[in-house]
>>> print(open('target_29.cif').read())   # mmCIF, C-alpha atoms
data_entry
#
loop_
_atom_site.group_PDB
_atom_site.id
_atom_site.type_symbol
_atom_site.label_atom_id
_atom_site.label_comp_id
_atom_site.auth_asym_id
_atom_site.auth_seq_id
_atom_site.Cartn_x
_atom_site.Cartn_y
_atom_site.Cartn_z
ATOM 1 C CA MET A 1 -18.468 18.888 40.371
ATOM 2 C CA ASN A 2 -18.193 15.923 38.060
ATOM 3 C CA ASP A 3 -20.156 15.548 34.854
ATOM 4 C CA LEU A 4 -22.392 12.830 36.199
ATOM 5 C CA LYS A 5 -23.578 14.909 39.111
ATOM 6 C CA LEU A 6 -24.118 17.938 36.907
ATOM 7 C CA THR A 7 -26.120 15.831 34.452
ATOM 8 C CA SER A 8 -28.315 14.409 37.174
ATOM 9 C CA MET A 9 -28.898 17.848 38.685
ATOM 10 C CA LEU A 10 -29.854 19.260 35.308
ATOM 11 C CA GLN A 11 -32.101 16.285 34.711
ATOM 12 C CA GLY A 12 -33.813 16.984 37.995
ATOM 13 C CA HIS A 13 -34.239 20.628 37.078
ATOM 14 C CA PHE A 14 -35.784 19.928 33.679
ATOM 15 C CA SER A 15 -37.875 16.966 34.788
ATOM 16 C CA ALA A 16 -39.793 19.417 36.967
ATOM 17 C CA LYS A 17 -40.860 21.029 33.674
ATOM 18 C CA GLY A 18 -41.823 17.680 32.188
ATOM 19 C CA LEU A 19 -38.726 17.315 30.033
ATOM 20 C CA GLU A 20 -36.635 14.194 29.698
ATOM 21 C CA ILE A 21 -33.032 13.935 28.652
ATOM 22 C CA SER A 22 -32.777 12.900 24.994
ATOM 23 C CA VAL A 23 -29.207 13.570 23.883
ATOM 24 C CA ASN A 24 -26.243 13.598 26.212
ATOM 25 C CA GLN A 25 -23.127 14.904 24.541
ATOM 26 C CA LEU A 26 -21.578 16.412 27.595
ATOM 27 C CA GLU A 27 -18.091 15.942 26.193
ATOM 28 C CA ASP A 28 -19.140 18.388 23.448
ATOM 29 C CA GLY A 29 -20.874 20.562 26.010
ATOM 30 C CA LEU A 30 -24.451 19.887 24.902
ATOM 31 C CA ILE A 31 -27.357 18.144 26.563
ATOM 32 C CA GLN A 32 -30.812 18.055 24.990
ATOM 33 C CA PHE A 33 -34.050 17.662 26.842
ATOM 34 C CA LYS A 34 -37.381 17.040 25.200
ATOM 35 C CA ASP A 35 -41.017 16.327 25.798
ATOM 36 C CA ASP A 36 -43.679 15.438 23.253
ATOM 37 C CA VAL A 37 -43.408 18.739 21.434
ATOM 38 C CA ASN A 38 -40.496 20.820 22.610
ATOM 39 C CA ILE A 39 -36.750 20.403 22.572
ATOM 40 C CA VAL A 40 -34.530 22.335 24.945
ATOM 41 C CA ALA A 41 -30.767 22.584 24.552
ATOM 42 C CA ALA A 42 -28.376 23.183 27.420
ATOM 43 C CA TYR A 43 -24.848 24.233 26.531
ATOM 44 C CA ILE A 44 -22.515 23.502 29.389
ATOM 45 C CA ALA A 45 -19.732 25.970 30.083
ATOM 46 C CA LYS A 46 -16.968 24.089 31.785
ATOM 47 C CA PRO A 47 -14.140 25.627 33.786
ATOM 48 C CA GLU A 48 -11.797 25.254 30.803
ATOM 49 C CA HIS A 49 -14.060 27.620 28.894
ATOM 50 C CA TYR A 50 -12.932 30.353 31.243
ATOM 51 C CA THR A 51 -9.265 29.577 31.157
ATOM 52 C CA ALA A 52 -8.962 29.026 27.407
ATOM 53 C CA ARG A 53 -8.926 32.195 25.389
ATOM 54 C CA ASN A 54 -12.216 32.880 23.556
ATOM 55 C CA ALA A 55 -13.505 29.396 24.385
ATOM 56 C CA PHE A 56 -16.477 30.785 26.244
ATOM 57 C CA LEU A 57 -17.219 33.218 23.444
ATOM 58 C CA ASN A 58 -17.039 30.361 20.953
ATOM 59 C CA LEU A 59 -19.483 28.372 23.050
ATOM 60 C CA MET A 60 -21.921 31.288 23.102
ATOM 61 C CA LEU A 61 -21.612 31.795 19.355
ATOM 62 C CA LYS A 62 -22.139 28.089 18.771
ATOM 63 C CA ALA A 63 -25.261 28.168 20.909
ATOM 64 C CA ALA A 64 -26.551 31.341 19.235
ATOM 65 C CA SER A 65 -25.989 29.968 15.731
ATOM 66 C CA ARG A 66 -28.157 26.922 16.474
ATOM 67 C CA ILE A 67 -30.811 28.718 18.469
ATOM 68 C CA ASN A 68 -33.526 28.085 15.868
ATOM 69 C CA GLU A 69 -33.039 24.347 16.085
ATOM 70 C CA TYR A 70 -34.437 24.259 19.594
ATOM 71 C CA ASN A 71 -37.447 25.727 21.334
ATOM 72 C CA GLN A 72 -35.317 27.021 24.155
ATOM 73 C CA THR A 73 -31.573 27.314 24.583
ATOM 74 C CA TYR A 74 -29.800 27.635 27.887
ATOM 75 C CA LEU A 75 -26.249 28.364 28.812
ATOM 76 C CA VAL A 76 -25.243 26.422 31.893
ATOM 77 C CA ALA A 77 -22.395 27.902 33.908
ATOM 78 C CA PRO A 78 -20.934 27.542 37.382
ATOM 79 C CA LYS A 79 -22.395 29.999 39.823
ATOM 80 C CA LEU A 80 -18.911 31.216 40.589
ATOM 81 C CA TYR A 81 -18.829 32.799 37.135
ATOM 82 C CA GLY A 82 -22.364 34.145 37.356
ATOM 83 C CA PRO A 83 -21.384 37.680 38.367
ATOM 84 C CA MET A 84 -19.202 37.969 35.280
ATOM 85 C CA LEU A 85 -22.016 36.937 32.935
ATOM 86 C CA ASP A 86 -24.255 39.845 32.083
ATOM 87 C CA VAL A 87 -27.606 38.277 31.264
ATOM 88 C CA LYS A 88 -28.515 41.258 29.124
ATOM 89 C CA GLN A 89 -26.082 39.967 26.522
ATOM 90 C CA LEU A 90 -27.860 36.630 26.614
ATOM 91 C CA SER A 91 -31.292 38.221 26.479
ATOM 92 C CA THR A 92 -30.490 39.874 23.164
ATOM 93 C CA THR A 93 -29.967 36.444 21.625
ATOM 94 C CA GLY A 94 -32.877 34.821 23.461
ATOM 95 C CA MET A 95 -30.726 32.415 25.428
ATOM 96 C CA GLY A 96 -31.365 31.683 29.053
ATOM 97 C CA LEU A 97 -28.876 31.187 31.855
ATOM 98 C CA ILE A 98 -28.720 28.350 34.338
ATOM 99 C CA LEU A 99 -26.253 28.593 37.192
ATOM 100 C CA TYR A 100 -25.129 25.705 39.326
ATOM 101 C CA ASP A 101 -23.004 25.006 42.310
ATOM 102 C CA GLU A 102 -22.577 22.020 44.579
ATOM 103 C CA ARG A 103 -25.917 22.567 46.252
ATOM 104 C CA GLU A 104 -28.347 23.698 43.577
ATOM 105 C CA VAL A 105 -29.161 24.335 39.931
ATOM 106 C CA TYR A 106 -31.365 27.300 39.212
ATOM 107 C CA GLU A 107 -32.619 29.302 36.284
ATOM 108 C CA ALA A 108 -31.065 32.726 36.608
ATOM 109 C CA TYR A 109 -32.599 34.000 33.396
ATOM 110 C CA PRO A 110 -35.397 32.340 31.414
ATOM 111 C CA ALA A 111 -34.827 31.488 27.784
ATOM 112 C CA ARG A 112 -37.067 32.907 25.100
ATOM 113 C CA PHE A 113 -39.330 30.420 23.402
ATOM 114 C CA PHE A 114 -38.669 29.914 19.684
ATOM 115 C CA GLN A 115 -40.502 27.979 17.040
ATOM 116 C CA ARG A 116 -38.105 25.414 15.716
ATOM 117 C CA THR A 117 -37.185 25.546 12.042
ATOM 118 C CA SER A 118 -38.510 22.032 11.586
ATOM 119 C CA GLN A 119 -41.763 23.094 13.285
ATOM 120 C CA ASN A 120 -42.177 26.061 11.000
ATOM 121 C CA GLN A 121 -41.870 23.934 7.883
ATOM 122 C CA PRO A 122 -43.925 20.857 7.047
ATOM 123 C CA SER A 123 -41.986 17.675 6.563
ATOM 124 C CA GLY A 124 -42.602 17.469 2.811
ATOM 125 C CA LEU A 125 -41.670 21.067 2.219
ATOM 126 C CA ASN A 126 -38.834 20.224 -0.124
ATOM 127 C CA GLU A 127 -41.174 18.225 -2.337
ATOM 128 C CA VAL A 128 -43.706 21.057 -2.341
ATOM 129 C CA ASN A 129 -40.958 23.512 -3.182
ATOM 130 C CA ALA A 130 -39.748 21.380 -6.064
ATOM 131 C CA HIS A 131 -43.287 20.966 -7.369
ATOM 132 C CA LEU A 132 -43.969 24.699 -7.176
ATOM 133 C CA THR A 133 -40.681 25.520 -8.866
ATOM 134 C CA ALA A 134 -41.456 23.151 -11.732
ATOM 135 C CA GLU A 135 -44.954 24.595 -12.043
ATOM 136 C CA ILE A 136 -43.628 28.153 -12.133
ATOM 137 C CA GLN A 137 -41.090 27.172 -14.786
ATOM 138 C CA ARG A 138 -43.820 25.549 -16.872
ATOM 139 C CA LEU A 139 -45.967 28.668 -16.609
ATOM 140 C CA ARG A 140 -43.037 30.853 -17.594
ATOM 141 C CA ASP A 141 -42.401 28.721 -20.686
ATOM 142 C CA GLU A 142 -46.065 28.925 -21.571
ATOM 143 C CA VAL A 143 -46.068 32.703 -21.221
ATOM 144 C CA GLU A 144 -42.986 32.892 -23.452
ATOM 145 C CA TRP A 145 -44.708 30.822 -26.142
ATOM 146 C CA LEU A 146 -47.816 32.952 -25.876
ATOM 147 C CA LYS A 147 -45.735 36.093 -26.252
ATOM 148 C CA LYS A 148 -44.104 34.719 -29.386
ATOM 149 C CA ASP A 149 -47.501 33.739 -30.772
ATOM 150 C CA LEU A 150 -48.804 37.200 -30.025
ATOM 151 C CA VAL A 151 -45.903 38.804 -31.877
ATOM 152 C CA ASN A 152 -46.474 36.532 -34.874
ATOM 153 C CA LEU A 153 -50.173 37.312 -34.862
ATOM 154 C CA ARG A 154 -49.452 41.025 -34.768
ATOM 155 C CA VAL A 155 -47.117 40.689 -37.731
ATOM 156 C CA GLU A 156 -49.769 38.740 -39.611
ATOM 157 C CA LEU A 157 -52.373 41.330 -38.727
ATOM 158 C CA GLU A 158 -50.119 44.121 -39.976
ATOM 159 C CA LYS A 159 -49.615 42.314 -43.237
ATOM 160 C CA LEU A 160 -53.348 41.836 -43.657
ATOM 161 C CA ARG A 161 -53.969 45.498 -42.956
ATOM 162 C CA GLU A 162 -51.352 46.532 -45.500
ATOM 163 C CA ARG A 163 -52.894 44.267 -48.134
ATOM 164 C CA ARG A 164 -56.334 45.682 -47.482
ATOM 165 C CA ILE A 165 -55.000 49.224 -47.830
ATOM 166 C CA VAL A 166 -53.374 48.321 -51.131
ATOM 167 C CA GLU A 167 -56.595 46.782 -52.387
ATOM 168 C CA LYS A 168 -58.487 49.899 -51.403
ATOM 169 C CA ALA A 169 -55.940 52.065 -53.150
ATOM 170 C CA VAL A 170 -56.589 50.282 -56.464
ATOM 171 C CA GLU A 171 -59.768 51.775 -57.828
ATOM 172 C CA PRO A 172 -62.122 49.339 -59.372
ATOM 173 C CA LEU A 173 -62.537 49.800 -63.021
ATOM 174 C CA ASN A 174 -65.899 50.872 -64.185
ATOM 175 C CA PRO A 175 -67.361 48.452 -66.558
ATOM 176 C CA ILE A 176 -67.466 49.768 -70.023
ATOM 177 C CA GLU A 177 -70.886 50.712 -70.758
ATOM 178 C CA SER A 178 -72.474 49.358 -73.756
ATOM 179 C CA GLN A 179 -71.769 51.489 -76.678
ATOM 180 C CA THR A 180 -73.895 51.998 -79.605
ATOM 181 C CA TYR A 181 -72.189 51.362 -82.720
ATOM 182 C CA GLY A 182 -73.246 52.597 -86.009
ATOM 183 C CA ASP A 183 -74.993 50.681 -88.627
ATOM 184 C CA THR A 184 -71.678 50.213 -90.333
ATOM 185 C CA LEU A 185 -70.765 47.236 -88.127
ATOM 186 C CA PRO A 186 -71.732 43.776 -89.173
ATOM 187 C CA SER A 187 -75.014 42.390 -87.935
ATOM 188 C CA PHE A 188 -73.439 39.937 -85.401
ATOM 189 C CA PHE A 189 -72.304 42.885 -83.240
ATOM 190 C CA LYS A 190 -75.858 43.820 -82.605
ATOM 191 C CA ASP A 191 -77.123 42.706 -79.113
ATOM 192 C CA ASN A 192 -74.098 40.519 -78.691
ATOM 193 C CA PRO A 193 -73.278 40.108 -74.889
ATOM 194 C CA TRP A 194 -69.711 39.149 -75.676
ATOM 195 C CA ILE A 195 -68.923 42.615 -76.861
ATOM 196 C CA THR A 196 -69.023 43.944 -73.265
ATOM 197 C CA VAL A 197 -67.021 41.017 -71.915
ATOM 198 C CA LEU A 198 -64.349 41.235 -74.515
ATOM 199 C CA SER A 199 -64.087 44.989 -74.226
ATOM 200 C CA ASN A 200 -63.069 44.583 -70.485
ATOM 201 C CA ARG A 201 -60.348 42.120 -71.327
ATOM 202 C CA GLY A 202 -56.918 43.495 -70.720
ATOM 203 C CA ALA A 203 -58.109 45.920 -68.048
ATOM 204 C CA ASP A 204 -57.943 43.044 -65.461
ATOM 205 C CA LEU A 205 -54.283 42.551 -66.152
ATOM 206 C CA THR A 206 -53.280 46.096 -65.306
ATOM 207 C CA MET B 207 -34.061 48.520 45.863
ATOM 208 C CA LYS B 208 -36.297 45.547 46.537
ATOM 209 C CA ARG B 209 -38.310 43.705 43.939
ATOM 210 C CA THR B 210 -40.095 40.430 43.523
ATOM 211 C CA LEU B 211 -38.446 37.941 41.236
ATOM 212 C CA ALA B 212 -40.318 34.728 40.459
ATOM 213 C CA GLY B 213 -41.767 34.625 43.931
ATOM 214 C CA LEU B 214 -38.517 35.586 45.594
ATOM 215 C CA ARG B 215 -37.687 38.865 47.149
ATOM 216 C CA ALA B 216 -34.643 40.203 45.428
ATOM 217 C CA ARG B 217 -32.456 43.224 45.889
ATOM 218 C CA GLU B 218 -30.746 45.087 43.108
ATOM 219 C CA ILE B 219 -27.279 46.158 44.097
ATOM 220 C CA PRO B 220 -25.584 48.666 41.784
ATOM 221 C CA VAL B 221 -22.106 47.835 40.586
ATOM 222 C CA ARG B 222 -19.467 50.512 40.447
ATOM 223 C CA VAL B 223 -16.650 50.201 37.938
ATOM 224 C CA LEU B 224 -13.323 51.608 39.102
ATOM 225 C CA ARG B 225 -10.757 52.322 36.414
ATOM 226 C CA LEU B 226 -7.379 52.375 38.079
ATOM 227 C CA VAL B 227 -4.082 53.392 36.524
ATOM 228 C CA LEU B 228 -1.207 51.235 37.701
ATOM 229 C CA ASP B 229 2.415 52.267 37.389
ATOM 230 C CA LEU B 230 4.301 49.069 36.613
ATOM 231 C CA GLU B 231 7.742 50.647 36.945
ATOM 232 C CA ASP B 232 7.282 52.412 40.250
ATOM 233 C CA LEU B 233 5.377 50.170 42.593
ATOM 234 C CA PHE B 234 5.303 52.854 45.289
ATOM 235 C CA ASN B 235 3.395 55.131 43.020
ATOM 236 C CA PRO B 236 -0.191 54.850 44.264
ATOM 237 C CA PRO B 237 -2.804 53.751 41.761
ATOM 238 C CA LEU B 238 -4.855 56.659 40.537
ATOM 239 C CA MET B 239 -8.350 56.739 39.200
ATOM 240 C CA LEU B 240 -8.261 57.176 35.445
ATOM 241 C CA GLU B 241 -10.103 60.502 35.638
ATOM 242 C CA ASP B 242 -7.625 61.771 38.225
ATOM 243 C CA TYR B 243 -4.652 60.660 36.133
ATOM 244 C CA VAL B 244 -5.980 62.407 33.017
ATOM 245 C CA GLY B 245 -6.792 65.514 35.076
ATOM 246 C CA ARG B 246 -3.352 65.640 36.597
ATOM 247 C CA PHE B 247 -1.135 64.724 33.641
ATOM 248 C CA LYS B 248 -3.421 65.950 30.838
ATOM 249 C CA SER B 249 -2.809 62.769 28.867
ATOM 250 C CA ASP B 250 -3.921 59.175 28.724
ATOM 251 C CA PRO B 251 -1.768 56.614 30.550
ATOM 252 C CA ALA B 252 0.712 55.303 28.025
ATOM 253 C CA PRO B 253 1.720 51.636 28.015
ATOM 254 C CA PRO B 254 3.935 49.790 28.773
ATOM 255 C CA ARG B 255 4.621 51.734 31.941
ATOM 256 C CA PHE B 256 1.015 52.431 32.804
ATOM 257 C CA ARG B 257 -1.819 49.974 32.652
ATOM 258 C CA VAL B 258 -5.499 50.589 33.237
ATOM 259 C CA VAL B 259 -7.402 47.930 35.137
ATOM 260 C CA GLU B 260 -11.114 47.850 35.737
ATOM 261 C CA VAL B 261 -12.340 46.709 39.106
ATOM 262 C CA GLU B 262 -16.044 46.144 39.641
ATOM 263 C CA VAL B 263 -17.117 46.630 43.219
ATOM 264 C CA LEU B 264 -20.365 46.777 45.101
ATOM 265 C CA THR B 265 -21.579 46.987 48.641
ATOM 266 C CA CYS B 266 -22.639 43.634 49.992
ATOM 267 C CA PRO B 267 -26.174 43.985 51.303
ATOM 268 C CA GLU B 268 -25.507 41.379 53.961
ATOM 269 C CA ASP B 269 -22.772 43.103 55.868
ATOM 270 C CA GLY B 270 -22.377 46.428 54.107
ATOM 271 C CA GLU B 271 -18.757 45.677 53.208
ATOM 272 C CA PRO B 272 -17.306 46.617 49.807
ATOM 273 C CA ILE B 273 -16.581 43.517 47.751
ATOM 274 C CA THR B 274 -15.635 42.745 44.189
ATOM 275 C CA VAL B 275 -18.321 41.445 41.867
ATOM 276 C CA SER B 276 -16.500 38.155 41.381
ATOM 277 C CA GLU B 277 -16.861 37.476 45.098
ATOM 278 C CA CYS B 278 -20.643 37.473 44.682
ATOM 279 C CA GLY B 279 -20.379 34.095 42.943
ATOM 280 C CA LYS B 280 -19.483 32.504 46.258
ATOM 281 C CA CYS B 281 -22.495 33.958 48.039
ATOM 282 C CA PRO B 282 -25.582 31.715 48.328
ATOM 283 C CA LYS B 283 -27.817 34.742 47.905
ATOM 284 C CA PHE B 284 -26.418 35.753 44.555
ATOM 285 C CA PHE B 285 -29.019 35.325 41.818
ATOM 286 C CA ARG B 286 -27.811 36.951 38.611
ATOM 287 C CA ARG B 287 -26.211 39.984 37.071
ATOM 288 C CA PHE B 288 -28.045 42.283 34.685
ATOM 289 C CA GLU B 289 -26.003 45.128 33.199
ATOM 290 C CA ASP B 290 -24.522 47.095 36.070
ATOM 291 C CA LYS B 291 -26.728 45.576 38.736
ATOM 292 C CA VAL B 292 -26.464 42.413 40.784
ATOM 293 C CA LEU B 293 -29.635 40.743 41.974
ATOM 294 C CA CYS B 294 -29.444 39.091 45.339
ATOM 295 C CA LYS B 295 -32.080 36.895 46.873
ATOM 296 C CA SER B 296 -33.314 38.212 50.158
ATOM 297 C CA PHE B 297 -35.071 35.722 52.337
ATOM 298 C CA MET B 298 -37.951 36.834 54.464
ATOM 299 C CA ALA B 299 -37.097 37.027 58.105
ATOM 300 C CA LEU B 300 -39.035 34.573 60.199
ATOM 301 C CA CYS B 301 -39.092 36.836 63.208
ATOM 302 C CA HIS B 302 -37.914 40.279 64.159
#
>>> encode(input="target_29.cif", output="structure tokens")
Amino acid sequence: MNDLKLTSMLQGHFSAKGLEISVNQLEDGLIQFKDDVNIVAAYIAKPEHYTARNAFLNLMLKAASRINEYNQTYLVAPKLYGPMLDVKQLSTTGMGLILYDEREVYEAYPARFFQRTSQNQPSGLNEVNAHLTAEIQRLRDEVEWLKKDLVNLRVELEKLRERRIVEKAVEPLNPIESQTYGDTLPSFFKDNPWITVLSNRGADLT
Amino acid sequence: MKRTLAGLRAREIPVRVLRLVLDLEDLFNPPLMLEDYVGRFKSDPAPPRFRVVEVEVLTCPEDGEPITVSECGKCPKFFRRFEDKVLCKSFMALCH
């Protein structure tokens, strides 16, 4: 079967599901079908994939690695090779199997439906991510500054506490009570308020 | 065993895997089943003289003949293979 016939048969198969062909890279073994929302990939296994060593395995790995880029992924193989393909291996990856021969194309195993990576993420996700990262960094810096301020305040508070303790430890001096002096002192000592003031001088310096 | 598959009647045909030991040096030596070889010689078949090949066979539900699994790909009633079972479409008979 030539590529053109295979493409048209696949197109007929998927158009019944409302999908139109969007990308035709049959030389690379990939045809994409899409509707308004969904994209379906069909990886074509050609006869050379069975004759070349590991080529078929490589095709399967390639399809499995890009499975999140499409809503559904199918492996398309000739019906002649259908009995050798255990669909349980495909079911573990979520891929479906389409078999074809000269007369028909049919879905031997349905593909699991995936949410595409681009569907999971909004279009401006990178911008949102960058904004959130910058905001988190700004908050971290702010927290660091606040921590430093808190440490400084604690140090200041400790110093203040120590000073208060020292001040409490120093007992206040009792004012010298007025003394009565004898009549031997001169008359200007009598009822002089400066006597008390001057008698406390010197005690402040200690 | 019959089952319904997407509106079709399908039959599950079990696949049997035969492991045969071939003697590459003595072609007249009949191929033995691997279990028989191990039971008789008390050892695994050693290459390069002996090779083990796996042949998957099943009974065709159409004619009851033993066939290899790869031959199923040529049959229009073949649908798919799942593990060690082959699903074949079975069309409803129009009249008996």
>>> residues_around(input="target_29.cif", residues="Ser65 (chain A)", least_positions_apart="5", cutoff="10 Å", atoms="only C-alpha atoms", output="ChimeraX atom specification")
/A:59-60,93
>>> interface_residues(input="target_29.cif", of="chain B", to="chain A", cutoff="9 Å", atoms="all atoms listed in the file", output="list in words")
Val275, Ser276, Glu277, Cys278, Gly279, Lys280, Cys281, Phe284, Phe285, Arg286, Arg287, Phe288, Glu289, Asp290 and Val292 of chain B
>>> axis_aligned_box(input="target_29.cif", around="region 10-23 of chain A", padding_each_side="8 Å", output="lines of an AutoDock Vina configuration file")
center_x = -35.5
center_y = 17.0
center_z = 30.9
size_x = 28.6
size_y = 24.1
size_z = 30.1
>>> resolve_selection(input="target_29.cif", expression="the PyMOL selection byres ((chain B and resi 215-232) around 10)", output="ChimeraX atom specification")
/B:207-214,233-244,250-267,274-275,283-298
>>> residues_near_point(input="target_29.cif", point="(-35.6, 22.2, 22.5)", cutoff="9 Å", atoms="all atoms listed in the file", output="list of chain:residue names")
A:Gln32, A:Phe33, A:Lys34, A:Asp35, A:Val37, A:Asn38, A:Ile39, A:Val40, A:Ala41, A:Ala42, A:Glu69, A:Tyr70, A:Asn71, A:Gln72, A:Thr73, A:Phe114, A:Arg116
